[in-house]
Amino acid sequence: MCNDSVLSNVVATQKIHEEYGGVVPELASRAHQQHIVPVIHQALAKANIDKNQLSAIAFTRGPGLLGSLLVGTSFAKSLSLGLDIPLIEVNHMQAHILAHFIKDEASTKPEFPFLAMTISGGHTQIVLVKDYFSMEILGETLDDAVGEAFDKTAKIIGLPYPGGPLVDALAQKGNPKAFPFPIPKVKGLDFSFSGLKTSILYFIQKQTAEQPDFVEQHKEDICASIQYTIVSILMDKLKKAVKQTGIKRVAIGGGVSANSGIRAAVQKAEKEKGWTTFIPKFEYCTDNAAMIGIVGFLKYREGDFTDQSISAKARYNIPNP
Ligand code: ATP
Ligand code: FE
């Protein structure tokens, strides 16, 4: 029963956060409680299997919001106990990377070692992937994550949460060079996005003081310029990582890897720099069940199970054995 194909990949998105302009932790965990049983029923129905046919249960242990992680962890523990099947803990950021190993006829899987840039709502990392479970973080953000940079600047220009996909859509109709924003100088392979957010805020405040409808008039150019700056920051570091390690196999993962600008920039580097690149299918970019499932499969193969004493971990770095 246990293999690397996806039988169902059910995702419940939480609309509630739109109203508040961001994720409210307490509301997120309550929504998890409401959704978890229906989502599991739906997943089993779509896969056309009965719960008694399950071989193991994999769950996200962390990192993330503790309240939400506790809902999943407790549920997974109970299910494993009730069905008497092995329990497998998954690191969420490792899963964003290992999503590249989900069975898919249309794409080839990266060979080890490769570089993975994980760009998401809470992280921005460049990871050296030596093997499935041997990973080393070479660089990461010192402040905001890249997804936050998209969402917070989107909020400044009045877009609803999460703004990343909306900035992307508007950017496609704008001029990326219309408003040049500064590229931060950060050492090594680390990133910083909080300065960019502040400079965009000041720029918008200044322009709006002179012309109250500035944002309305220039929304597409503003979005294109923001996206261009963010993509430039990411690509500069990625190129540096390739130079530093000599590894030209490059994968991206996490919600922001759905961004058209970064996808195009990575494809361009493949052509111009001779990289072999791995870009996830859209459904495997933002959080999804299949990426947790593939880690479950890989650990199941190795007999890497956990026991009932396991607890959720809000801060949980990719394990580096
Ligand atoms: P983490 O994985 O770090 O714990 P998360 O799980 O909350 O964070 P993901 O679901 O991986 O984050 O990604 C969500 C982020 O991706 C949001 O910030 C969202 O705005 C961003 N995002 C999604 N699609 C796009 C896009 N097309 N362009 C830019 N950003 C995008
Ligand atoms: Fe994520």
# chains A, B, ... in the order shown; residues from 1 in each chain; ligands from 1
call {"tool": "residues_near_ligand", "arguments": {"ligand": "ligand 1", "cutoff": "7 Å", "atoms": "only C-alpha atoms and all ligand atoms", "output": "number ranges by chain"}}
result
A: 63-64, 92-93, 120-123, 147-148, 150-151, 162-165, 167-168, 254-260, 285-287
call {"tool": "write_last_selection", "arguments": {"atoms": "N, CA and C atoms", "output": "PDB file, in the first residue's frame"}}
result
ATOM      1  N   PRO A  63       8.330  23.043  11.977  1.00  0.00           N
ATOM      2  CA  PRO A  63       8.022  24.225  12.774  1.00  0.00           C
ATOM      3  C   PRO A  63       6.688  24.840  12.361  1.00  0.00           C
ATOM      4  N   GLY A  64       6.146  25.694  13.208  1.00  0.00           N
ATOM      5  CA  GLY A  64       4.881  26.346  12.878  1.00  0.00           C
ATOM      6  C   GLY A  64       4.213  26.884  14.127  1.00  0.00           C
ATOM      7  N   HIS A  92       8.428  20.137   8.669  1.00  0.00           N
ATOM      8  CA  HIS A  92       7.706  20.831   7.593  1.00  0.00           C
ATOM      9  C   HIS A  92       8.642  21.380   6.495  1.00  0.00           C
ATOM     10  N   MET A  93       9.806  21.919   6.891  1.00  0.00           N
ATOM     11  CA  MET A  93      10.713  22.513   5.895  1.00  0.00           C
ATOM     12  C   MET A  93      11.422  21.432   5.085  1.00  0.00           C
ATOM     13  N   SER A 120       9.232  30.555   1.647  1.00  0.00           N
ATOM     14  CA  SER A 120       7.847  30.331   2.073  1.00  0.00           C
ATOM     15  C   SER A 120       7.377  31.449   2.988  1.00  0.00           C
ATOM     16  N   GLY A 121       6.243  31.205   3.644  1.00  0.00           N
ATOM     17  CA  GLY A 121       5.647  32.230   4.498  1.00  0.00           C
ATOM     18  C   GLY A 121       6.448  32.505   5.761  1.00  0.00           C
ATOM     19  N   GLY A 122       7.189  31.511   6.235  1.00  0.00           N
ATOM     20  CA  GLY A 122       7.922  31.692   7.487  1.00  0.00           C
ATOM     21  C   GLY A 122       9.419  31.481   7.354  1.00  0.00           C
ATOM     22  N   HIS A 123       9.891  31.084   6.164  1.00  0.00           N
ATOM     23  CA  HIS A 123      11.311  30.757   5.989  1.00  0.00           C
ATOM     24  C   HIS A 123      11.879  31.249   4.663  1.00  0.00           C
ATOM     25  N   GLY A 147       8.104  35.255   1.982  1.00  0.00           N
ATOM     26  CA  GLY A 147       6.635  35.267   1.867  1.00  0.00           C
ATOM     27  C   GLY A 147       6.045  36.435   2.652  1.00  0.00           C
ATOM     28  N   GLU A 148       6.655  36.708   3.821  1.00  0.00           N
ATOM     29  CA  GLU A 148       6.210  37.855   4.629  1.00  0.00           C
ATOM     30  C   GLU A 148       6.491  39.153   3.889  1.00  0.00           C
ATOM     31  N   PHE A 150       6.443  39.623   0.727  1.00  0.00           N
ATOM     32  CA  PHE A 150       5.354  39.770  -0.256  1.00  0.00           C
ATOM     33  C   PHE A 150       4.065  40.197   0.447  1.00  0.00           C
ATOM     34  N   ASP A 151       3.710  39.478   1.516  1.00  0.00           N
ATOM     35  CA  ASP A 151       2.412  39.725   2.165  1.00  0.00           C
ATOM     36  C   ASP A 151       2.358  41.096   2.842  1.00  0.00           C
ATOM     37  N   PRO A 162      -3.623  36.428   1.840  1.00  0.00           N
ATOM     38  CA  PRO A 162      -2.186  36.628   1.637  1.00  0.00           C
ATOM     39  C   PRO A 162      -1.921  37.323   0.303  1.00  0.00           C
ATOM     40  N   GLY A 163      -1.127  38.370   0.350  1.00  0.00           N
ATOM     41  CA  GLY A 163      -0.953  39.228  -0.825  1.00  0.00           C
ATOM     42  C   GLY A 163      -0.010  38.692  -1.891  1.00  0.00           C
ATOM     43  N   GLY A 164       0.845  37.717  -1.528  1.00  0.00           N
ATOM     44  CA  GLY A 164       1.850  37.222  -2.481  1.00  0.00           C
ATOM     45  C   GLY A 164       1.292  36.907  -3.873  1.00  0.00           C
ATOM     46  N   PRO A 165       0.273  36.035  -3.957  1.00  0.00           N
ATOM     47  CA  PRO A 165      -0.246  35.681  -5.289  1.00  0.00           C
ATOM     48  C   PRO A 165      -0.853  36.888  -6.031  1.00  0.00           C
ATOM     49  N   VAL A 167       0.169  40.118  -5.715  1.00  0.00           N
ATOM     50  CA  VAL A 167       1.298  40.918  -6.208  1.00  0.00           C
ATOM     51  C   VAL A 167       1.796  40.280  -7.511  1.00  0.00           C
ATOM     52  N   ASP A 168       1.905  38.971  -7.497  1.00  0.00           N
ATOM     53  CA  ASP A 168       2.376  38.233  -8.674  1.00  0.00           C
ATOM     54  C   ASP A 168       1.483  38.522  -9.889  1.00  0.00           C
ATOM     55  N   GLY A 254       8.456  25.565  -1.403  1.00  0.00           N
ATOM     56  CA  GLY A 254       7.742  26.494  -0.514  1.00  0.00           C
ATOM     57  C   GLY A 254       6.809  27.375  -1.317  1.00  0.00           C
ATOM     58  N   GLY A 255       5.880  28.026  -0.614  1.00  0.00           N
ATOM     59  CA  GLY A 255       4.818  28.807  -1.259  1.00  0.00           C
ATOM     60  C   GLY A 255       5.286  29.805  -2.305  1.00  0.00           C
ATOM     61  N   VAL A 256       6.390  30.493  -2.035  1.00  0.00           N
ATOM     62  CA  VAL A 256       6.843  31.538  -2.969  1.00  0.00           C
ATOM     63  C   VAL A 256       7.407  30.925  -4.263  1.00  0.00           C
ATOM     64  N   SER A 257       7.683  29.631  -4.266  1.00  0.00           N
ATOM     65  CA  SER A 257       8.163  29.031  -5.519  1.00  0.00           C
ATOM     66  C   SER A 257       7.027  28.932  -6.547  1.00  0.00           C
ATOM     67  N   ALA A 258       5.806  29.312  -6.140  1.00  0.00           N
ATOM     68  CA  ALA A 258       4.700  29.430  -7.112  1.00  0.00           C
ATOM     69  C   ALA A 258       4.799  30.753  -7.871  1.00  0.00           C
ATOM     70  N   ASN A 259       5.665  31.648  -7.435  1.00  0.00           N
ATOM     71  CA  ASN A 259       5.754  32.980  -8.038  1.00  0.00           C
ATOM     72  C   ASN A 259       6.309  32.927  -9.468  1.00  0.00           C
ATOM     73  N   SER A 260       5.627  33.605 -10.376  1.00  0.00           N
ATOM     74  CA  SER A 260       6.025  33.540 -11.792  1.00  0.00           C
ATOM     75  C   SER A 260       7.411  34.144 -12.009  1.00  0.00           C
ATOM     76  N   CYS A 285       3.749  23.526  -4.143  1.00  0.00           N
ATOM     77  CA  CYS A 285       4.511  24.696  -3.665  1.00  0.00           C
ATOM     78  C   CYS A 285       4.020  25.104  -2.285  1.00  0.00           C
ATOM     79  N   THR A 286       2.782  25.611  -2.215  1.00  0.00           N
ATOM     80  CA  THR A 286       2.238  26.007  -0.901  1.00  0.00           C
ATOM     81  C   THR A 286       1.906  24.731  -0.114  1.00  0.00           C
ATOM     82  N   ASP A 287       1.641  24.909   1.170  1.00  0.00           N
ATOM     83  CA  ASP A 287       1.443  23.757   2.057  1.00  0.00           C
ATOM     84  C   ASP A 287       0.435  22.752   1.503  1.00  0.00           C
TER      85      ASP A 287
END
call {"tool": "closest_atom_pairs", "arguments": {"of": "range 228-287 of chain A", "to": "range 202-223 of chain A", "cutoff": "12 Å", "atoms": "only C-alpha atoms", "output": "Markdown table"}}
result
| residue | atom | partner | partner_atom | distance |
| --- | --- | --- | --- | --- |
| A:Tyr228 | CA | A:Cys223 | CA | 8.4 |
| A:Thr229 | CA | A:Cys223 | CA | 9.9 |
| A:Ile230 | CA | A:Cys223 | CA | 10.6 |
| A:Gly261 | CA | A:Cys223 | CA | 11.3 |
call {"tool": "write_last_selection", "arguments": {"atoms": "N, CA and C atoms", "output": "JSON list (two decimals), in the first residue's frame"}}
result
[["chain", "number", "residue", "atom", "x", "y", "z"],
["A", 228, "TYR", "N", 10.33, 42.27, -8.76],
["A", 228, "TYR", "CA", 11.65, 42.28, -9.41],
["A", 228, "TYR", "C", 12.76, 42.37, -8.36],
["A", 229, "THR", "N", 12.56, 43.23, -7.35],
["A", 229, "THR", "CA", 13.58, 43.40, -6.30],
["A", 229, "THR", "C", 13.71, 42.11, -5.49],
["A", 230, "ILE", "N", 12.59, 41.52, -5.10],
["A", 230, "ILE", "CA", 12.64, 40.29, -4.29],
["A", 230, "ILE", "C", 13.31, 39.16, -5.08],
["A", 261, "GLY", "N", 7.75, 35.18, -11.25],
["A", 261, "GLY", "CA", 9.04, 35.85, -11.41],
["A", 261, "GLY", "C", 10.20, 34.94, -11.04]]
call {"tool": "closest_residue", "arguments": {"among": "A:Gly62, A:Pro321, A:Pro280, A:Pro176", "to": "Lys130 in chain A", "atoms": "only C-alpha atoms"}}
result
A:Pro321
call {"tool": "residues_around", "arguments": {"residues": "range 305-318 of chain A", "least_positions_apart": "2", "cutoff": "8 Å", "atoms": "only C-alpha atoms", "output": "tab-separated table (two decimals) with C-alpha atoms, in the first residue's frame"}}
result
chain	number	residue	atom	x	y	z
A	61	ARG	CA	5.70	17.97	14.08
A	62	GLY	CA	6.97	21.50	13.36
A	63	PRO	CA	8.02	24.22	12.77
A	64	GLY	CA	4.88	26.35	12.88
A	65	LEU	CA	2.18	27.71	15.16
A	66	LEU	CA	2.05	25.53	18.26
A	69	LEU	CA	0.66	21.70	15.34
A	70	LEU	CA	-0.88	20.31	18.55
A	73	THR	CA	0.04	15.85	16.44
A	77	LYS	CA	-1.07	9.95	17.66
A	86	PRO	CA	3.37	3.21	12.88
A	87	LEU	CA	3.59	6.93	13.56
A	88	ILE	CA	6.01	9.09	11.51
A	89	GLU	CA	7.03	12.64	12.44
A	91	ASN	CA	9.76	18.38	9.66
A	93	MET	CA	10.71	22.51	5.90
A	94	GLN	CA	12.26	19.16	5.01
A	135	MET	CA	20.65	18.43	4.91
A	136	GLU	CA	22.73	21.45	5.87
A	137	ILE	CA	21.40	25.01	5.98
A	299	LYS	CA	10.84	7.27	6.44
A	300	TYR	CA	8.53	4.23	6.30
A	303	GLY	CA	11.57	2.02	9.39
A	320	ASN	CA	21.33	17.75	10.55
call {"tool": "select_by_dssp", "arguments": {"residues": "range 239-298 of chain A", "states": "strand (DSSP E or B)", "output": "list in words"}}
result
Arg249, Val250, Ala251, Ile252, Gly253, Thr276, Thr277 and Phe278 of chain A
call {"tool": "closest_residue", "arguments": {"among": "A:Ile292, A:Ile16, A:Ala241, A:Ala58", "to": "ligand 2", "atoms": "only C-alpha atoms and all ligand atoms"}}
result
A:Ile292
call {"tool": "residues_around", "arguments": {"residues": "Arg249 in chain A", "least_positions_apart": "6", "cutoff": "10 Å", "atoms": "only C-alpha atoms", "output": "ChimeraX atom specification"}}
result
/A:110-116,242,270,274-278
call {"tool": "write_last_selection", "arguments": {"atoms": "N, CA and C atoms", "output": "JSON list (two decimals), in the first residue's frame"}}
result
[["chain", "number", "residue", "atom", "x", "y", "z"],
["A", 110, "PRO", "N", 15.63, 15.24, -8.49],
["A", 110, "PRO", "CA", 17.02, 15.69, -8.37],
["A", 110, "PRO", "C", 17.94, 14.60, -7.84],
["A", 111, "GLU", "N", 19.15, 14.57, -8.39],
["A", 111, "GLU", "CA", 20.16, 13.64, -7.85],
["A", 111, "GLU", "C", 20.89, 14.34, -6.71],
["A", 112, "PHE", "N", 21.39, 13.58, -5.76],
["A", 112, "PHE", "CA", 22.16, 14.18, -4.65],
["A", 112, "PHE", "C", 23.61, 14.38, -5.07],
["A", 113, "PRO", "N", 24.34, 15.38, -4.58],
["A", 113, "PRO", "CA", 23.80, 16.46, -3.76],
["A", 113, "PRO", "C", 23.17, 17.53, -4.65],
["A", 114, "PHE", "N", 22.20, 18.26, -4.10],
["A", 114, "PHE", "CA", 21.66, 19.41, -4.82],
["A", 114, "PHE", "C", 21.40, 20.55, -3.85],
["A", 115, "LEU", "N", 21.17, 21.74, -4.41],
["A", 115, "LEU", "CA", 20.87, 22.90, -3.57],
["A", 115, "LEU", "C", 19.37, 23.13, -3.60],
["A", 116, "ALA", "N", 18.79, 23.41, -2.44],
["A", 116, "ALA", "CA", 17.35, 23.72, -2.41],
["A", 116, "ALA", "C", 17.18, 25.10, -1.79],
["A", 242, "VAL", "N", 25.68, 28.50, -5.71],
["A", 242, "VAL", "CA", 26.15, 27.58, -6.75],
["A", 242, "VAL", "C", 27.67, 27.76, -6.93],
["A", 270, "GLU", "N", 18.97, 28.33, -15.77],
["A", 270, "GLU", "CA", 19.22, 26.98, -16.30],
["A", 270, "GLU", "C", 19.81, 27.10, -17.71],
["A", 274, "GLY", "N", 23.81, 26.85, -17.32],
["A", 274, "GLY", "CA", 23.98, 25.40, -17.38],
["A", 274, "GLY", "C", 23.55, 24.67, -16.11],
["A", 275, "TRP", "N", 22.62, 25.26, -15.36],
["A", 275, "TRP", "CA", 22.11, 24.57, -14.17],
["A", 275, "TRP", "C", 21.09, 23.52, -14.59],
["A", 276, "THR", "N", 20.88, 22.54, -13.73],
["A", 276, "THR", "CA", 19.73, 21.66, -13.88],
["A", 276, "THR", "C", 18.76, 22.10, -12.78],
["A", 277, "THR", "N", 17.57, 22.52, -13.17],
["A", 277, "THR", "CA", 16.68, 23.09, -12.15],
["A", 277, "THR", "C", 15.44, 22.23, -11.93],
["A", 278, "PHE", "N", 14.91, 22.34, -10.73],
["A", 278, "PHE", "CA", 13.73, 21.57, -10.33],
["A", 278, "PHE", "C", 12.72, 22.53, -9.71]]
call {"tool": "closest_residue", "arguments": {"among": "A:Ala290, A:Val37, A:Ile97, A:Ala31", "to": "Phe75 in chain A", "atoms": "only C-alpha atoms"}}
result
A:Val37
